[in-house]
Amino acid sequence: TAGLVERLQAMPAVVLTGACQTGKSTLVQGLVPGGRRYLTLDDLEFQDASRRDPEMLLGGPLPVTLD
């Protein structure tokens, strides 16, 4: 996980893949608490807003975790 922490702190985008419901998002949230925004596309309103304005996903002062 040390390599993942370094990448999450340094890179604007990191892709973490794996099977559903295995803890990927929870892992990322726990490794860099407060240092990233967490946005989930499971929220249908947010999903719709992101389709209309995809750039809003990346705006802001903090890096983003998209789930």
# chains A, B, ... in the order shown; residues from 1 in each chain; ligands from 1
>>> residues_around(residues="Asp42 in chain A", least_positions_apart="4", cutoff="8 Å", atoms="only C-alpha atoms", output="list in words")
Phe46, Gln47 and Asp67 of chain A
>>> write_last_selection(atoms="C-alpha atoms", output="compact mmCIF listing (two decimals), in the first residue's frame")
# COMPACT_ATOMS: atom_id res chain seq x y z
CA PHE A 46 -24.61 13.37 -8.93
CA GLN A 47 -24.33 10.96 -11.86
CA ASP A 67 -16.27 5.88 -7.38
>>> residues_around(residues="Leu8 in chain A", least_positions_apart="3", cutoff="10 Å", atoms="only C-alpha atoms", output="count of residues only")
17
>>> select_by_dssp(residues="range 5-64 of chain A", states="strand (DSSP E or B)", output="VMD selection string")
chain A and resid 37 to 39 64
>>> atom_distance(atom1="CA of Gly60 in chain A", atom2="CA of Gly34 in chain A")
13.8 Å
>>> residues_around(residues="Leu66 in chain A", least_positions_apart="2", cutoff="9 Å", atoms="only C-alpha atoms", output="PyMOL selection string")
chain A and resi 25+37-41+57+64
>>> write_last_selection(atoms="N, CA and C atoms", output="tab-separated table (two decimals), in the first residue's frame")
chain	number	residue	atom	x	y	z
A	25	SER	N	-12.63	1.60	-2.71
A	25	SER	CA	-12.92	2.99	-2.32
A	25	SER	C	-12.62	3.22	-0.86
A	37	ARG	N	-11.08	14.61	-2.34
A	37	ARG	CA	-12.54	14.64	-2.36
A	37	ARG	C	-13.02	13.27	-2.80
A	38	TYR	N	-14.10	12.78	-2.24
A	38	TYR	CA	-14.67	11.50	-2.61
A	38	TYR	C	-16.02	11.75	-3.26
A	39	LEU	N	-16.16	11.34	-4.51
A	39	LEU	CA	-17.41	11.52	-5.25
A	39	LEU	C	-17.86	10.16	-5.76
A	40	THR	N	-19.12	9.84	-5.56
A	40	THR	CA	-19.62	8.55	-6.02
A	40	THR	C	-20.68	8.72	-7.10
A	41	LEU	N	-20.53	7.93	-8.13
A	41	LEU	CA	-21.51	7.94	-9.21
A	41	LEU	C	-22.68	7.02	-8.89
A	57	LEU	N	-16.34	17.47	-12.11
A	57	LEU	CA	-15.75	16.36	-11.37
A	57	LEU	C	-14.31	16.67	-10.95
A	64	VAL	N	-9.29	14.16	-6.54
A	64	VAL	CA	-10.61	13.55	-6.48
A	64	VAL	C	-10.50	12.02	-6.54
>>> atom_distance(atom1="CA of Gly23 in chain A", atom2="CA of Glu55 in chain A")
26.5 Å
>>> closest_residue(among="A:Leu44, A:Arg7, A:Leu62, A:Thr1", to="Lys24 in chain A", atoms="only C-alpha atoms")
A:Thr1
